[in-house]
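**Q** Contents are mmCIF, C-alpha atoms; file name protein.cif:
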data_work
#
loop_
_atom_site.label_atom_id
_atom_site.label_comp_id
_atom_site.auth_asym_id
_atom_site.auth_seq_id
_atom_site.Cartn_x
_atom_site.Cartn_y
_atom_site.Cartn_z
CA MET T 1 11.36 26.94 -7.47
CA ASN T 2 14.18 29.24 -6.43
CA ASN T 3 17.64 27.69 -6.30
CA LYS T 4 18.93 27.94 -2.77
CA SER T 5 22.05 29.98 -2.21
CA THR T 6 22.26 28.85 1.41
CA SER T 7 22.39 25.13 2.19
CA PHE T 8 20.98 23.64 5.37
CA ASN T 9 24.39 23.21 6.98
CA GLU T 10 25.28 26.92 6.62
CA ILE T 11 22.39 28.17 8.75
CA ARG T 12 23.22 29.60 12.17
CA ASN T 13 22.43 27.38 15.14
CA ILE T 14 20.06 28.61 17.84
CA LYS T 15 20.91 28.17 21.51
CA VAL T 16 18.09 26.88 23.74
CA ASP T 17 19.19 26.75 27.37
CA ASN T 18 22.47 24.85 27.15
CA LYS T 19 21.60 23.02 23.94
CA LEU T 20 21.98 23.98 20.29
CA ILE T 21 19.31 23.52 17.64
CA ASP T 22 21.30 22.46 14.59
CA PHE T 23 19.63 23.33 11.28
CA SER T 24 21.69 21.01 9.13
CA THR T 25 18.41 19.07 9.20
CA PRO T 26 15.10 20.98 8.90
CA LYS T 27 13.03 21.00 12.08
CA ILE T 28 9.35 20.43 12.84
CA MET T 29 7.34 22.70 15.12
CA GLY T 30 4.08 21.11 16.23
CA VAL T 31 1.10 23.33 17.04
CA LEU T 32 -0.73 23.07 20.36
CA ASN T 33 -3.70 25.45 20.30
CA LEU T 34 -5.30 26.16 23.67
CA THR T 35 -7.71 28.55 21.98
CA PRO T 36 -11.47 28.11 21.51
CA ASP T 37 -11.50 29.86 18.12
CA SER T 38 -8.42 29.08 16.01
CA PHE T 39 -9.13 28.64 12.30
CA TYR T 40 -8.45 24.89 12.18
CA ASP T 41 -8.43 23.14 15.56
CA GLY T 42 -9.78 25.75 17.97
CA GLY T 43 -11.45 24.19 21.01
CA LYS T 44 -10.07 20.69 20.43
CA TYR T 45 -7.45 20.86 23.17
CA LYS T 46 -9.15 22.74 25.98
CA ASP T 47 -9.09 19.83 28.48
CA LYS T 48 -5.91 18.93 30.36
CA ASP T 49 -5.87 15.24 29.47
CA ILE T 50 -6.36 16.08 25.79
CA TRP T 51 -3.57 18.66 25.50
CA ILE T 52 -1.20 16.37 27.39
CA LYS T 53 -2.03 13.53 25.00
CA ARG T 54 -1.64 15.85 22.00
CA THR T 55 1.81 16.91 23.20
CA GLU T 56 2.89 13.35 23.87
CA GLY T 57 1.71 12.27 20.43
CA MET T 58 3.55 15.04 18.62
CA LEU T 59 6.77 14.26 20.48
CA LYS T 60 6.46 10.55 19.63
CA ASN T 61 5.97 11.48 15.97
CA GLY T 62 9.22 13.44 15.95
CA THR T 63 8.40 17.08 16.53
CA ASP T 64 11.39 19.19 17.56
CA ILE T 65 9.48 22.11 19.11
CA ILE T 66 5.98 22.37 20.60
CA ASP T 67 4.40 25.77 19.91
CA VAL T 68 1.78 26.61 22.54
CA GLY T 69 -0.73 29.38 21.89
CA ALA T 70 -3.74 30.66 23.83
CA VAL T 71 -4.97 33.49 21.57
CA SER T 72 -6.22 33.06 18.02
CA THR T 73 -4.49 35.29 15.48
CA ARG T 74 -6.60 34.29 12.48
CA PRO T 75 -7.92 37.19 10.36
CA GLY T 76 -10.65 39.04 12.24
CA ALA T 77 -10.05 37.22 15.53
CA LYS T 78 -11.41 38.93 18.61
CA GLU T 79 -8.91 40.44 21.02
CA VAL T 80 -8.40 38.61 24.29
CA SER T 81 -7.26 40.33 27.48
CA VAL T 82 -3.77 39.67 28.78
CA ASP T 83 -5.27 38.23 31.97
CA GLU T 84 -7.35 35.76 29.97
CA GLU T 85 -4.34 34.75 27.87
CA LEU T 86 -2.30 34.15 31.03
CA LYS T 87 -5.15 32.17 32.56
CA ARG T 88 -5.25 29.90 29.53
CA ILE T 89 -1.53 29.33 29.08
CA VAL T 90 0.66 29.59 32.20
CA GLU T 91 -0.59 26.49 34.02
CA PRO T 92 -0.43 24.25 30.91
CA VAL T 93 3.12 25.42 30.21
CA ASN T 94 4.16 24.67 33.77
CA ILE T 95 2.59 21.21 33.61
CA LEU T 96 3.94 20.32 30.16
CA THR T 97 7.51 21.44 30.81
CA ASN T 98 7.55 19.31 33.95
CA LEU T 99 5.99 16.28 32.26
CA PHE T 100 8.29 16.51 29.22
CA PRO T 101 11.56 18.01 30.55
CA GLU T 102 13.58 17.14 27.42
CA ALA T 103 11.12 18.82 25.04
CA VAL T 104 11.47 22.36 23.69
CA PHE T 105 8.41 24.60 24.08
CA SER T 106 7.80 27.89 22.31
CA ILE T 107 5.05 30.34 23.22
CA ASP T 108 2.91 31.95 20.54
CA THR T 109 2.29 35.42 21.98
CA TYR T 110 2.77 39.06 21.05
CA ARG T 111 2.67 40.29 24.66
CA ALA T 112 5.82 40.90 26.70
CA ARG T 113 4.10 40.07 30.00
CA VAL T 114 2.92 36.70 28.67
CA ALA T 115 6.40 36.04 27.30
CA GLU T 116 7.95 36.70 30.70
CA GLU T 117 5.47 34.68 32.74
CA THR T 118 5.56 31.66 30.42
CA VAL T 119 9.37 31.61 30.30
CA ASN T 120 9.32 31.75 34.09
CA ALA T 121 6.92 28.78 33.95
CA GLY T 122 9.43 26.78 31.88
CA ALA T 123 9.04 27.80 28.21
CA HIS T 124 12.14 28.12 26.03
CA ILE T 125 11.32 30.26 22.96
CA ILE T 126 9.00 33.19 22.24
CA ASN T 127 7.14 33.16 18.92
CA ASP T 128 5.84 36.69 18.29
CA ILE T 129 3.45 37.04 15.34
CA SER T 130 3.78 40.83 15.54
CA GLY T 131 7.56 41.03 15.32
CA GLY T 132 7.57 43.47 18.22
CA THR T 133 5.05 45.84 16.62
CA MET T 134 2.14 45.16 19.00
CA ASP T 135 4.05 45.47 22.28
CA THR T 136 6.91 47.93 22.44
CA ASN T 137 8.32 46.15 25.49
CA MET T 138 8.80 42.85 23.69
CA PHE T 139 12.38 43.30 22.41
CA ALA T 140 13.68 44.50 25.78
CA THR T 141 11.86 41.64 27.50
CA ILE T 142 13.44 39.07 25.18
CA ALA T 143 16.86 40.56 25.92
CA LYS T 144 16.21 40.31 29.65
CA LEU T 145 14.89 36.74 29.42
CA ASN T 146 17.80 35.68 27.17
CA VAL T 147 15.69 33.25 25.13
CA PRO T 148 15.43 32.67 21.36
CA TYR T 149 12.94 34.87 19.54
CA ILE T 150 10.86 34.11 16.46
CA LEU T 151 10.51 37.38 14.56
CA MET T 152 7.48 37.38 12.27
CA HIS T 153 6.44 39.99 9.72
CA ILE T 154 2.84 41.20 9.93
CA HIS T 155 1.04 43.99 8.12
CA GLY T 156 -1.41 45.50 10.60
CA THR T 157 -3.00 43.40 13.33
CA PRO T 158 -5.07 40.20 13.25
CA GLN T 159 -8.18 42.37 13.52
CA ASN T 160 -7.45 44.52 10.42
CA MET T 161 -4.58 42.91 8.48
CA MET T 162 -6.73 41.72 5.58
CA SER T 163 -8.62 45.00 5.11
CA SER T 164 -5.73 46.38 3.04
CA PRO T 165 -3.16 43.61 2.46
CA ILE T 166 0.22 44.12 0.82
CA GLU T 167 -0.12 43.61 -2.92
CA ASP T 168 3.38 44.15 -4.31
CA ASN T 169 7.11 44.23 -3.48
CA ILE T 170 6.51 41.70 -0.71
CA VAL T 171 10.00 40.15 -0.72
CA SER T 172 11.70 43.53 -0.37
CA ILE T 173 9.23 44.67 2.32
CA VAL T 174 9.75 41.55 4.43
CA LYS T 175 13.52 41.57 4.09
CA THR T 176 13.73 45.27 5.02
CA PHE T 177 11.57 44.61 8.08
CA PHE T 178 13.78 41.70 9.11
CA GLN T 179 16.97 43.74 8.74
CA LYS T 180 15.70 46.65 10.83
CA ALA T 181 14.29 44.44 13.58
CA VAL T 182 17.35 42.16 13.74
CA ASP T 183 19.61 45.19 14.00
CA GLU T 184 17.54 46.48 16.92
CA LEU T 185 17.51 43.09 18.63
CA SER T 186 21.25 42.69 18.12
CA SER T 187 21.87 46.07 19.73
CA LEU T 188 20.10 44.69 22.81
CA GLY T 189 22.24 41.54 22.81
CA VAL T 190 19.67 39.21 21.24
CA ASP T 191 21.37 36.93 18.72
CA ASP T 192 19.24 33.77 18.74
CA ILE T 193 16.64 34.84 16.19
CA ILE T 194 14.41 32.86 13.84
CA LEU T 195 12.78 34.62 10.88
CA ASP T 196 9.14 34.07 9.89
CA PRO T 197 7.81 35.85 6.76
CA GLY T 198 4.27 35.68 8.16
CA PHE T 199 2.27 33.85 5.54
CA GLY T 200 -1.33 35.07 5.50
CA PHE T 201 -0.69 37.98 7.84
CA GLY T 202 -1.67 41.01 5.75
CA LYS T 203 -0.59 39.70 2.35
CA THR T 204 -2.59 38.88 -0.78
CA LEU T 205 -2.79 35.29 -1.96
CA GLU T 206 -0.36 36.08 -4.77
CA CYS T 207 2.12 37.69 -2.35
CA ASN T 208 2.09 34.58 -0.15
CA TYR T 209 3.16 32.45 -3.10
CA LYS T 210 5.77 34.98 -4.19
CA LEU T 211 7.25 34.71 -0.68
CA ILE T 212 7.39 30.92 -0.89
CA ALA T 213 9.09 31.05 -4.29
CA ASN T 214 11.63 33.63 -3.10
CA LEU T 215 12.06 32.50 0.49
CA GLU T 216 15.85 32.49 0.40
CA ASN T 217 15.83 36.12 -0.72
CA THR T 218 14.21 37.17 2.57
CA ARG T 219 16.99 35.66 4.69
CA ILE T 220 19.50 37.85 6.48
CA ASN T 221 22.62 36.96 8.49
CA LYS T 222 22.22 33.22 7.74
CA LEU T 223 19.37 33.06 10.28
CA PRO T 224 16.95 30.13 10.14
CA ILE T 225 13.58 30.68 8.47
CA LEU T 226 10.31 29.31 9.86
CA VAL T 227 7.34 28.71 7.58
CA GLY T 228 3.81 28.51 8.98
CA ILE T 229 1.43 27.57 6.18
CA SER T 230 -0.28 24.46 7.55
CA ARG T 231 -3.92 24.23 6.36
CA LYS T 232 -4.09 27.99 5.78
CA SER T 233 -6.36 29.85 3.38
CA MET T 234 -3.48 30.32 0.91
CA ILE T 235 -3.94 26.59 0.31
CA THR T 236 -7.72 26.25 0.65
CA LYS T 237 -8.41 29.19 -1.69
CA VAL T 238 -6.31 27.70 -4.47
CA LEU T 239 -7.85 24.24 -4.04
CA ASN T 240 -11.37 25.49 -3.24
CA THR T 241 -11.49 23.29 -0.18
CA THR T 242 -11.62 23.49 3.63
CA PRO T 243 -8.83 23.38 6.23
CA GLU T 244 -10.00 19.88 7.17
CA ASP T 245 -9.47 18.68 3.58
CA SER T 246 -6.21 20.49 2.87
CA LEU T 247 -3.58 18.04 4.12
CA ILE T 248 -2.39 17.07 0.64
CA GLY T 249 -2.13 20.72 -0.38
CA THR T 250 -0.28 21.49 2.85
CA THR T 251 2.16 18.64 2.27
CA SER T 252 2.80 19.83 -1.30
CA LEU T 253 3.50 23.37 -0.17
CA HIS T 254 5.73 22.14 2.67
CA THR T 255 7.85 20.36 0.06
CA ILE T 256 8.15 23.57 -1.96
CA ALA T 257 8.97 25.60 1.17
CA LEU T 258 11.81 23.27 2.19
CA SER T 259 13.20 23.28 -1.33
CA SER T 260 13.08 27.08 -1.25
CA GLY T 261 15.08 27.33 1.98
CA ALA T 262 12.75 26.82 4.97
CA ASN T 263 14.48 25.47 8.08
CA ILE T 264 11.44 24.97 10.34
CA LEU T 265 7.93 23.90 9.40
CA ARG T 266 5.18 24.94 11.84
CA VAL T 267 2.54 22.24 11.40
CA HIS T 268 -0.64 20.65 12.67
CA ASP T 269 0.30 17.23 11.22
CA VAL T 270 3.69 16.20 12.55
CA GLU T 271 4.10 12.73 11.03
CA GLU T 272 3.23 13.92 7.52
CA ALA T 273 5.61 16.86 7.83
CA ARG T 274 8.37 14.58 9.10
CA GLN T 275 8.01 12.47 5.95
CA VAL T 276 8.36 15.59 3.81
CA VAL T 277 11.55 16.55 5.67
CA LYS T 278 13.05 13.10 5.12
CA ILE T 279 12.30 13.15 1.39
CA VAL T 280 13.63 16.68 0.81
CA GLU T 281 16.71 16.07 2.95
CA PHE T 282 17.51 12.90 1.01
CA MET T 283 17.13 14.80 -2.25
CA GLU T 284 19.39 17.63 -1.03
CA ASN T 285 22.06 15.12 -0.03
CA ASN T 286 21.99 13.39 -3.39
CA LYS T 287 21.98 16.25 -5.89
#
Render the structure in this file as structure tokens.
**A**
Amino acid sequence: MNNKSTSFNEIRNIKVDNKLIDFSTPKIMGVLNLTPDSFYDGGKYKDKDIWIKRTEGMLKNGTDIIDVGAVSTRPGAKEVSVDEELKRIVEPVNILTNLFPEAVFSIDTYRARVAEETVNAGAHIINDISGGTMDTNMFATIAKLNVPYILMHIHGTPQNMMSSPIEDNIVSIVKTFFQKAVDELSSLGVDDIILDPGFGFGKTLECNYKLIANLENTRINKLPILVGISRKSMITKVLNTTPEDSLIGTTSLHTIALSSGANILRVHDVEEARQVVKIVEFMENNK
């Protein structure tokens, strides 16, 4: 594991409305998929009572952010129209932000129009898997909305990203992408940025693990780093198992990610991730 050069308490805070997210303690982002076809839990939360219960459960288990998505971005996923994405997501966001006014909700979308309409419906953060590459209006929209932005690296699009994945120099490629995009965002007045290296998005299995081992080396400007690896194929391929049977592998890799510098874990299993955070934080405080 890489020795961290940046401790938790040196990471820049992110402003959400009038509150600060303080990364002296790693945070948990719980996944709420409103999609019928996501790789792990697609279709499980399509009914109102179920996604309300899911949200309530994650908050009770200690999640810091709820990440709501309505379009699958797994490899080879079919494209969904912007109207269909809005139909799936705007009403739930409006309902959830009213039911849980103290909670923080992020929106998993690469479309500027969806970003704008969901923020207007009450969302707080935009989580863009394309890092602004799939909608040229995204950066300007984030500046106008004045909300935090999760900047993820992707190679290609969900439809073609694994046809020719990155095979080498992944740490340098991701860091260069981050620097260029952050500079552009900063020029527009966007300072509340979270970095996401984009595990599984156009990278070979080996590159994904190189990113985990060198996570701190992708950081720029002391910005927080989000890691989304929960139950992904980078785990199931190594263990020769399924997403349903990959919780132990996920937990192991979450431990490595936090020890390598991750500040947010994006997870399907909040309670288990919270336990990992407690263990790693205790270890960091007692070195």
**Q** Let me know the residues the PyMOL selection byres ((chain T and resi 61) around 12) catches in the file above, as a ChimeraX atom specification.
**A** /T:28-30,54-60,62-66,268-275
**Q** Spell out the residues picked by the PyMOL selection byres ((chain T and resi 102-118) around 6) here, as a count of residues only.
**A** 21
**Q** Go ahead and compute the interatomic distance for CA of Gly200 (chain T) and CA of Pro26 (chain T), in Å to one decimal.
**A**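 Straight-line distance from CA of Gly200 (chain T) to CA of Pro26 (chain T) works out to 21.9 Å.
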**Q** What does the structure give for the distance between CA of Leu195 (chain T) and CA of Thr97 (chain T), in Å to one decimal?
**A**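 Spanning CA of Leu195 (chain T) to CA of Thr97 (chain T) is a straight-line distance of 24.5 Å.
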**Q** Quick one: distance from CA of Arg12 (chain T) to CA of Ile154 (chain T) in Å, one decimal?
**A**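 If I compute the distance from CA of Arg12 (chain T) to CA of Ile154 (chain T), I get 23.6 Å.
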**Q** Report as a list in words the full result of the PyMOL selection byres ((chain T and resi 80) around 12) when it is applied to this structure.
**A**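 Written out, the selection comes to Thr35, Pro36, Asp37, Ala70, Val71, Ser72, Thr73, Ala77, Lys78, Glu79, Ser81, Val82, Asp83, Glu84, Glu85, Leu86, Lys87, Arg88, Thr109, Tyr110, Arg111, Pro158 and Gln159 of chain T.
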**Q** Suppose we keep C-alpha atoms; can you now write the selection as a PDB file, in the coordinates of the input?
**A**
ATOM      1  CA  THR T  35      -7.710  28.550  21.980  1.00  0.00           C
ATOM      2  CA  PRO T  36     -11.470  28.110  21.510  1.00  0.00           C
ATOM      3  CA  ASP T  37     -11.500  29.860  18.120  1.00  0.00           C
ATOM      4  CA  ALA T  70      -3.740  30.660  23.830  1.00  0.00           C
ATOM      5  CA  VAL T  71      -4.970  33.490  21.570  1.00  0.00           C
ATOM      6  CA  SER T  72      -6.220  33.060  18.020  1.00  0.00           C
ATOM      7  CA  THR T  73      -4.490  35.290  15.480  1.00  0.00           C
ATOM      8  CA  ALA T  77     -10.050  37.220  15.530  1.00  0.00           C
ATOM      9  CA  LYS T  78     -11.410  38.930  18.610  1.00  0.00           C
ATOM     10  CA  GLU T  79      -8.910  40.440  21.020  1.00  0.00           C
ATOM     11  CA  SER T  81      -7.260  40.330  27.480  1.00  0.00           C
ATOM     12  CA  VAL T  82      -3.770  39.670  28.780  1.00  0.00           C
ATOM     13  CA  ASP T  83      -5.270  38.230  31.970  1.00  0.00           C
ATOM     14  CA  GLU T  84      -7.350  35.760  29.970  1.00  0.00           C
ATOM     15  CA  GLU T  85      -4.340  34.750  27.870  1.00  0.00           C
ATOM     16  CA  LEU T  86      -2.300  34.150  31.030  1.00  0.00           C
ATOM     17  CA  LYS T  87      -5.150  32.170  32.560  1.00  0.00           C
ATOM     18  CA  ARG T  88      -5.250  29.900  29.530  1.00  0.00           C
ATOM     19  CA  THR T 109       2.290  35.420  21.980  1.00  0.00           C
ATOM     20  CA  TYR T 110       2.770  39.060  21.050  1.00  0.00           C
ATOM     21  CA  ARG T 111       2.670  40.290  24.660  1.00  0.00           C
ATOM     22  CA  PRO T 158      -5.070  40.200  13.250  1.00  0.00           C
ATOM     23  CA  GLN T 159      -8.180  42.370  13.520  1.00  0.00           C
TER      24      GLN T 159
END
**Q** Using only C-alpha atoms, can you tell me which of T:Gly202, T:Gly189, T:Gly122, T:Pro197 comes closest to Leu151 (chain T)?
**A**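 Closest candidate: T:Pro197.
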**Q** Please determine, counting all atoms listed in the file, which residue among T:Ser187, T:Ser246, T:Asn263, T:Asn285 has the shortest atom-to-atom distance to Ala143 (chain T).
**A**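 Ranked by minimum distance to Ala143 (chain T), first place goes to T:Ser187.
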**Q** Using only C-alpha atoms, find the one residue out of T:Leu253, T:Ala140, T:Met134, T:Asn33 that sits nearest to Gly156 (chain T).
**A**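 Counting only C-alpha atoms, the residue closest to Gly156 (chain T) is T:Met134.
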**Q** Give me, as a tab-separated table, each residue of region 110-179 of chain T that comes within 12 Å of region 221-231 of chain T, together with its shortest interatomic pair and the distance in Å at one decimal, counting all atoms listed in the file, with rows ordered by chain and rising residue number.
**A**
residue	atom	partner	partner_atom	distance
T:Asn127	CA	T:Leu226	CA	10.3
T:Ile129	CA	T:Gly228	CA	10.6
T:Pro148	CA	T:Pro224	CA	11.6
T:Tyr149	CA	T:Pro224	CA	11.3
T:Ile150	CA	T:Leu226	CA	8.2
T:Leu151	CA	T:Leu226	CA	9.3
T:Met152	CA	T:Leu226	CA	8.9
T:His153	CA	T:Leu226	CA	11.4
T:Lys175	CA	T:Asn221	CA	11.1
T:Phe178	CA	T:Asn221	CA	10.0
T:Gln179	CA	T:Asn221	CA	8.8
**Q** Counting only C-alpha atoms, figure out which residue out of T:Glu206, T:Asp196, T:Glu216, T:Glu281 gets nearest to Asn169 (chain T).
**A**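 Among T:Glu206, T:Asp196, T:Glu216, T:Glu281, it is T:Glu206 that comes nearest to Asn169 (chain T).
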**Q** What's the 12 Å shell around Asn214 (chain T), counting only C-alpha atoms, without same-chain residues fewer than 4 positions away, as number ranges by chain?
**A** T: 1-5, 169-172, 174-175, 197, 207-210, 218-219, 256-262
